[in-house]
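File shown: coords14.pdb. Contents: PDB, C-alpha atoms and all ligand atoms.
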```pdb
ATOM      1  CA  MET A   1     343.869 297.868 184.582
ATOM      2  CA  ILE A   2     342.626 297.374 181.010
ATOM      3  CA  ALA A   3     339.027 295.998 180.723
ATOM      4  CA  ASP A   4     338.421 292.858 178.651
ATOM      5  CA  ALA A   5     336.241 293.941 175.691
ATOM      6  CA  THR A   6     334.475 290.559 175.457
ATOM      7  CA  THR A   7     333.322 290.553 179.054
ATOM      8  CA  SER A   8     332.634 294.217 179.602
ATOM      9  CA  PRO A   9     329.042 295.174 180.545
ATOM     10  CA  LYS A  10     328.914 297.176 177.287
ATOM     11  CA  HIS A  11     329.034 293.913 175.247
ATOM     12  CA  ASP A  12     326.675 291.828 177.420
ATOM     13  CA  GLY A  13     324.089 290.112 175.161
ATOM     14  CA  TYR A  14     325.842 291.151 171.937
ATOM     15  CA  PHE A  15     326.315 287.599 170.656
ATOM     16  CA  ALA A  16     322.924 286.523 172.056
ATOM     17  CA  ASN A  17     321.237 289.226 169.936
ATOM     18  CA  ILE A  18     323.082 288.083 166.815
ATOM     19  CA  TRP A  19     321.951 284.516 167.483
ATOM     20  CA  LYS A  20     318.313 285.632 168.018
ATOM     21  CA  THR A  21     318.347 287.563 164.726
ATOM     22  CA  VAL A  22     319.875 284.708 162.731
ATOM     23  CA  ASN A  23     317.507 282.195 164.368
ATOM     24  CA  SER A  24     314.390 284.277 163.615
ATOM     25  CA  ILE A  25     315.474 284.519 159.945
ATOM     26  CA  ARG A  26     315.988 280.733 159.927
ATOM     27  CA  ILE A  27     312.473 280.149 161.366
ATOM     28  CA  GLY A  28     310.921 282.538 158.810
ATOM     29  CA  LEU A  29     312.670 280.845 155.893
ATOM     30  CA  GLN A  30     311.679 277.414 157.222
ATOM     31  CA  ILE A  31     307.980 278.443 157.232
ATOM     32  CA  THR A  32     308.294 279.970 153.754
ATOM     33  CA  LEU A  33     309.938 276.800 152.434
ATOM     34  CA  LYS A  34     307.245 274.603 154.028
ATOM     35  CA  TYR A  35     304.407 276.492 152.265
ATOM     36  CA  TYR A  36     306.406 276.807 149.048
ATOM     37  CA  CYS A  37     306.519 273.016 148.839
ATOM     38  CA  SER A  38     302.860 272.501 149.930
ATOM     39  CA  PRO A  39     300.099 271.851 147.365
ATOM     40  CA  VAL A  40     298.594 275.080 145.942
ATOM     41  CA  VAL A  41     295.129 275.877 147.315
ATOM     42  CA  THR A  42     294.494 279.114 145.408
ATOM     43  CA  ILE A  43     293.934 279.483 141.674
ATOM     44  CA  LYS A  44     294.829 282.154 139.152
ATOM     45  CA  TYR A  45     291.313 283.450 138.635
ATOM     46  CA  PRO A  46     289.983 284.214 136.071
ATOM     47  CA  PHE A  47     292.631 282.412 134.019
ATOM     48  CA  GLU A  48     291.746 279.166 135.766
ATOM     49  CA  LYS A  49     288.109 278.163 136.109
ATOM     50  CA  ILE A  50     286.547 278.057 139.559
ATOM     51  CA  SER A  51     284.731 274.931 140.727
ATOM     52  CA  PHE A  52     281.571 275.298 142.763
ATOM     53  CA  ALA A  53     279.783 273.263 145.400
ATOM     54  CA  PRO A  54     276.774 271.572 143.751
ATOM     55  CA  ARG A  55     274.324 273.756 145.714
ATOM     56  CA  TYR A  56     276.296 276.976 145.239
ATOM     57  CA  ARG A  57     274.028 280.043 145.214
ATOM     58  CA  GLY A  58     275.158 282.650 142.692
ATOM     59  CA  ILE A  59     273.451 285.400 140.673
ATOM     60  CA  HIS A  60     269.897 284.297 139.884
ATOM     61  CA  GLU A  61     268.700 282.811 136.621
ATOM     62  CA  TYR A  62     265.125 283.686 135.761
ATOM     63  CA  GLU A  63     262.740 282.172 133.202
ATOM     64  CA  ALA A  64     260.332 285.009 132.466
ATOM     65  CA  ASP A  65     258.153 282.933 130.144
ATOM     66  CA  LYS A  66     257.255 280.630 133.080
ATOM     67  CA  CYS A  67     256.679 283.359 135.683
ATOM     68  CA  ILE A  68     253.073 284.025 136.711
ATOM     69  CA  ALA A  69     254.074 287.064 138.824
ATOM     70  CA  CYS A  70     252.447 285.538 141.894
ATOM     71  CA  ASP A  71     254.817 287.408 144.275
ATOM     72  CA  GLN A  72     255.597 284.261 146.283
ATOM     73  CA  CYS A  73     259.344 284.785 145.808
ATOM     74  CA  ALA A  74     259.111 288.454 146.852
ATOM     75  CA  LYS A  75     257.119 287.518 149.953
ATOM     76  CA  ALA A  76     259.708 284.872 150.920
ATOM     77  CA  CYS A  77     262.622 287.288 150.508
ATOM     78  CA  PRO A  78     263.817 288.341 153.987
ATOM     79  CA  VAL A  79     265.289 291.636 152.744
ATOM     80  CA  ASP A  80     262.546 292.685 150.285
ATOM     81  CA  CYS A  81     264.838 293.001 147.311
ATOM     82  CA  ILE A  82     262.598 291.481 144.610
ATOM     83  CA  TYR A  83     260.366 293.903 142.686
ATOM     84  CA  ILE A  84     257.532 292.539 140.535
ATOM     85  CA  ASP A  85     254.920 294.331 138.492
ATOM     86  CA  LYS A  86     252.265 293.047 136.066
ATOM     87  CA  SER A  87     249.465 294.621 134.042
ATOM     88  CA  ALA A  88     246.923 291.956 135.101
ATOM     89  CA  PRO A  89     246.910 288.494 136.750
ATOM     90  CA  ARG A  90     248.892 285.776 135.001
ATOM     91  CA  LYS A  91     248.366 282.028 135.177
ATOM     92  CA  VAL A  92     249.449 278.792 133.526
ATOM     93  CA  ASP A  93     246.997 277.625 130.845
ATOM     94  CA  LYS A  94     246.211 273.992 131.694
ATOM     95  CA  LYS A  95     245.772 272.999 128.057
ATOM     96  CA  THR A  96     248.913 274.521 126.587
ATOM     97  CA  GLY A  97     251.074 274.764 129.710
ATOM     98  CA  GLU A  98     251.918 278.331 128.718
ATOM     99  CA  VAL A  99     251.593 281.425 130.865
ATOM    100  CA  VAL A 100     248.644 283.598 129.841
ATOM    101  CA  GLY A 101     247.071 286.791 131.159
ATOM    102  CA  GLY A 102     248.609 290.153 131.893
ATOM    103  CA  GLU A 103     251.989 291.417 130.808
ATOM    104  CA  LEU A 104     254.999 291.037 133.070
ATOM    105  CA  LEU A 105     256.024 294.664 133.505
ATOM    106  CA  ARG A 106     258.892 294.189 135.896
ATOM    107  CA  TYR A 107     260.920 291.500 137.609
ATOM    108  CA  ALA A 108     263.999 292.959 139.274
ATOM    109  CA  ILE A 109     266.399 291.993 142.047
ATOM    110  CA  ASP A 110     268.479 294.515 143.977
ATOM    111  CA  TYR A 111     271.915 292.936 144.502
ATOM    112  CA  GLN A 112     272.897 295.654 146.951
ATOM    113  CA  LYS A 113     270.537 293.921 149.358
ATOM    114  CA  CYS A 114     270.371 290.292 148.215
ATOM    115  CA  MET A 115     272.176 287.927 150.579
ATOM    116  CA  PHE A 116     271.963 284.869 148.317
ATOM    117  CA  CYS A 117     269.953 282.868 150.819
ATOM    118  CA  GLY A 118     267.978 281.108 148.071
ATOM    119  CA  LEU A 119     264.657 281.411 149.954
ATOM    120  CA  CYS A 120     263.033 283.031 146.913
ATOM    121  CA  THR A 121     263.502 279.878 144.831
ATOM    122  CA  GLU A 122     261.675 277.545 147.197
ATOM    123  CA  PRO A 123     258.015 278.658 146.985
ATOM    124  CA  CYS A 124     258.005 279.310 143.225
ATOM    125  CA  PRO A 125     255.076 277.311 141.790
ATOM    126  CA  THR A 126     256.495 277.231 138.264
ATOM    127  CA  ASP A 127     260.164 276.675 139.144
ATOM    128  CA  CYS A 128     261.296 279.703 137.181
ATOM    129  CA  ILE A 129     263.722 281.397 139.567
ATOM    130  CA  HIS A 130     267.023 279.619 140.240
ATOM    131  CA  MET A 131     270.299 280.320 141.996
ATOM    132  CA  GLY A 132     272.936 280.408 139.237
ATOM    133  CA  LYS A 133     276.689 279.889 139.134
ATOM    134  CA  ASN A 134     277.876 283.404 138.317
ATOM    135  CA  HIS A 135     279.331 284.953 141.432
ATOM    136  CA  ASP A 136     280.853 288.277 140.417
ATOM    137  CA  MET A 137     278.808 291.281 139.367
ATOM    138  CA  SER A 138     281.054 294.209 140.194
ATOM    139  CA  SER A 139     280.017 297.492 138.618
ATOM    140  CA  TYR A 140     280.695 301.220 138.641
ATOM    141  CA  SER A 141     277.306 302.385 139.880
ATOM    142  CA  ARG A 142     274.695 301.390 142.426
ATOM    143  CA  ASP A 143     271.999 301.437 139.727
ATOM    144  CA  ASP A 144     273.820 298.607 137.922
ATOM    145  CA  MET A 145     273.316 296.447 140.997
ATOM    146  CA  ILE A 146     269.544 296.387 140.375
ATOM    147  CA  VAL A 147     269.099 293.750 137.696
ATOM    148  CA  GLU A 148     265.984 294.076 135.547
ATOM    149  CA  PHE A 149     265.388 290.431 134.682
ATOM    150  CA  ALA A 150     262.206 291.063 132.675
ATOM    151  CA  GLU A 151     264.200 293.419 130.424
ATOM    152  CA  LEU A 152     267.011 290.871 130.080
ATOM    153  CA  ALA A 153     264.405 288.294 129.026
ATOM    154  CA  LYS A 154     263.512 290.515 126.058
ATOM    155  CA  GLN A 155     267.123 290.026 124.902
ATOM    156  CA  GLY A 156     266.866 286.260 125.402
ATOM    157  CA  LEU A 157     268.936 286.304 128.606
ATOM    158  CA  LYS A 158     268.115 284.546 131.863
ATOM    159  CA  THR A 159     270.897 286.197 133.850
ATOM    160  CA  PRO A 160     273.046 289.317 133.365
ATOM    161  CA  ILE A 161     276.397 289.192 131.551
ATOM    162  CA  PRO A 162     278.862 290.585 134.080
ATOM    163  CA  ARG A 163     281.550 293.105 133.102
ATOM    164  CA  TRP A 164     284.420 290.748 133.953
ATOM    165  CA  MET A 165     282.936 288.175 131.564
ATOM    166  CA  THR A 166     282.733 290.624 128.660
ATOM    167  CA  ARG A 167     286.228 291.902 129.440
ATOM    168  CA  ASN A 168     287.879 288.481 129.595
ATOM    169  CA  ALA A 169     285.933 286.478 127.003
ATOM    170  CA  LYS A 170     288.329 287.379 124.176
ATOM    171  CA  LYS A 171     291.431 286.148 125.981
ATOM    172  CA  ILE A 172     290.234 283.282 128.196
ATOM    173  CA  GLU A 173     288.650 280.223 126.605
ATOM    174  CA  TRP A 174     286.438 279.045 129.483
ATOM    175  CA  VAL A 175     285.083 282.588 129.993
ATOM    176  CA  ALA A 176     284.208 282.779 126.265
ATOM    177  CA  LYS A 177     282.275 279.481 126.559
ATOM    178  CA  GLU A 178     280.456 280.631 129.693
ATOM    179  CA  LYS A 179     279.525 283.924 128.003
ATOM    180  CA  GLU A 180     278.175 282.025 124.990
ATOM    181  CA  ARG A 181     276.038 279.900 127.327
ATOM    182  CA  VAL A 182     274.599 282.996 129.005
ATOM    183  CA  GLU A 183     273.989 284.625 125.598
ATOM    184  CA  ARG A 184     272.125 281.510 124.427
ATOM    185  CA  GLY A 185     269.842 281.892 127.464
ATOM    186  CA  GLU A 186     270.803 278.489 128.875
ATOM    187  CA  LEU A 187     270.653 277.741 132.582
ATOM    188  CA  ALA A 188     273.911 276.963 134.422
ATOM    189  CA  THR A 189     275.035 273.375 134.185
ATOM    190  CA  THR A 190     276.712 271.224 136.809
ATOM    191  CA  GLU A 191     279.875 271.190 134.684
ATOM    192  CA  ALA A 192     281.698 273.546 137.033
ATOM    193  CA  ASP A 193     280.718 271.665 140.193
ATOM    194  CA  LEU A 194     283.323 270.258 142.504
ATOM    195  CA  THR A 195     283.695 266.539 142.134
ATOM    196  CA  ALA A 196     282.202 264.527 145.001
ATOM    197  CA  VAL A 197     284.686 263.362 147.652
TER
HETATM  198  S1  LIG B   1     257.397 282.770 142.760
HETATM  199 FE1  LIG B   1     258.012 282.191 140.700
HETATM  200  S2  LIG B   1     256.175 282.499 139.464
HETATM  201 FE2  LIG B   1     255.841 283.603 141.351
HETATM  202  S3  LIG B   1     256.565 285.695 140.908
HETATM  203 FE3  LIG B   1     258.281 284.591 141.815
HETATM  204  S4  LIG B   1     259.423 283.807 140.069
HETATM  205 FE4  LIG B   1     257.389 284.366 139.308
HETATM  206  S1  LIG B   2     268.474 285.006 147.486
HETATM  207 FE1  LIG B   2     267.467 285.591 149.424
HETATM  208  S2  LIG B   2     267.913 287.761 149.653
HETATM  209 FE2  LIG B   2     268.330 287.253 147.513
HETATM  210  S3  LIG B   2     266.456 287.698 146.407
HETATM  211 FE3  LIG B   2     266.357 285.545 147.012
HETATM  212  S4  LIG B   2     265.277 285.538 148.989
HETATM  213 FE4  LIG B   2     265.946 287.635 148.605
END
```
Please render this file's structure as structure tokens.
Amino acid sequence: MIADATTSPKHDGYFANIWKTVNSIRIGLQITLKYYCSPVVTIKYPFEKISFAPRYRGIHEYEADKCIACDQCAKACPVDCIYIDKSAPRKVDKKTGEVVGGELLRYAIDYQKCMFCGLCTEPCPTDCIHMGKNHDMSSYSRDDMIVEFAELAKQGLKTPIPRWMTRNAKKIEWVAKEKERVERGELATTEADLTAV
């Protein structure tokens, strides 16, 4: 007797396997199509500008001319990553409103340790340390992650100019504007904030 090829045990499940394969491809394509047609939730950074929550906590901005080196921020820091040094006590002159006294020798933050909690900004009596809007400070060495804010202040800067900003300023308009703001020593504005919902 000759065996029927379509019913022989050798071919059991043959068509079922083809169906499973075709069906799994159909399901995959259906999911792909669904997300292809959905609104885009990612952006082409840095070509498109990021929007931030109004209370976003980025790389600090520091106003050295207002700092009295009282150490309150360093004491509030839970990871001890703020380093301050002065030649003598500093205070705000009540008549002029300017900071007088010793020289500010160092104000540095180690971004290898900083967790952007913002606790350092709260006790500051002169409101001179702020959480900024810059979020990216990648670098090639660990030393670069320790930002010497008092040295930056000598160049008129309140926050560092990150590498990505320098690299992209020539080709991306919003980056060029942001770099100019940092170079002018201006604090971050709310311009990049997400609109309220
Ligand atoms: S709390 Fe403010 S004034 Fe005091 S050292 Fe820190 S940044 Fe300067
Ligand atoms: S943001 Fe938090 S961790 Fe960073 S320096 Fe300020 S207190 Fe310290």
Pick out the residues sitting within 10 Å of Pro46 (chain A), and hand them over as a ChimeraX atom specification; count all atoms listed in the file, and ignore anything fewer than 2 positions along from it in its own chain.
/A:43-44,48-50,164-165,168,172,174-175
Take the PyMOL selection byres (((not hetatm)) within 12 of (chain B and resi 2)), run it mentally on this structure, and tell me the resulting residues as a ChimeraX atom specification.
/A:56-62,71-84,107-124,129-132,146-147
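Atom pair CA of Ala69 (chain A) / CA of Lys154 (chain A): separated by 16.2 Å.
Across the model, the gap from CA of Cys70 (chain A) to CA of Pro54 (chain A) is 28.1 Å.
With distances restricted to only C-alpha atoms and all ligand atoms, A:Val92 is the closest residue to ligand LIG 1 (chain B) from A:Ala153, A:Val92, A:Val41, A:Val22.
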If you measure from atom S3 of ligand LIG 1 (chain B) to CA of Lys133 (chain A), what distance in Å do you get, rounded to one decimal?
21.0 Å
Starting from the PyMOL selection byres (((chain A and resi 185-188) around 9) and not hetatm), expand the selection into actual residues of this file and give them as a ChimeraX atom specification.
/A:61-62,130,132-134,153,155-159,178,180-184,189-192
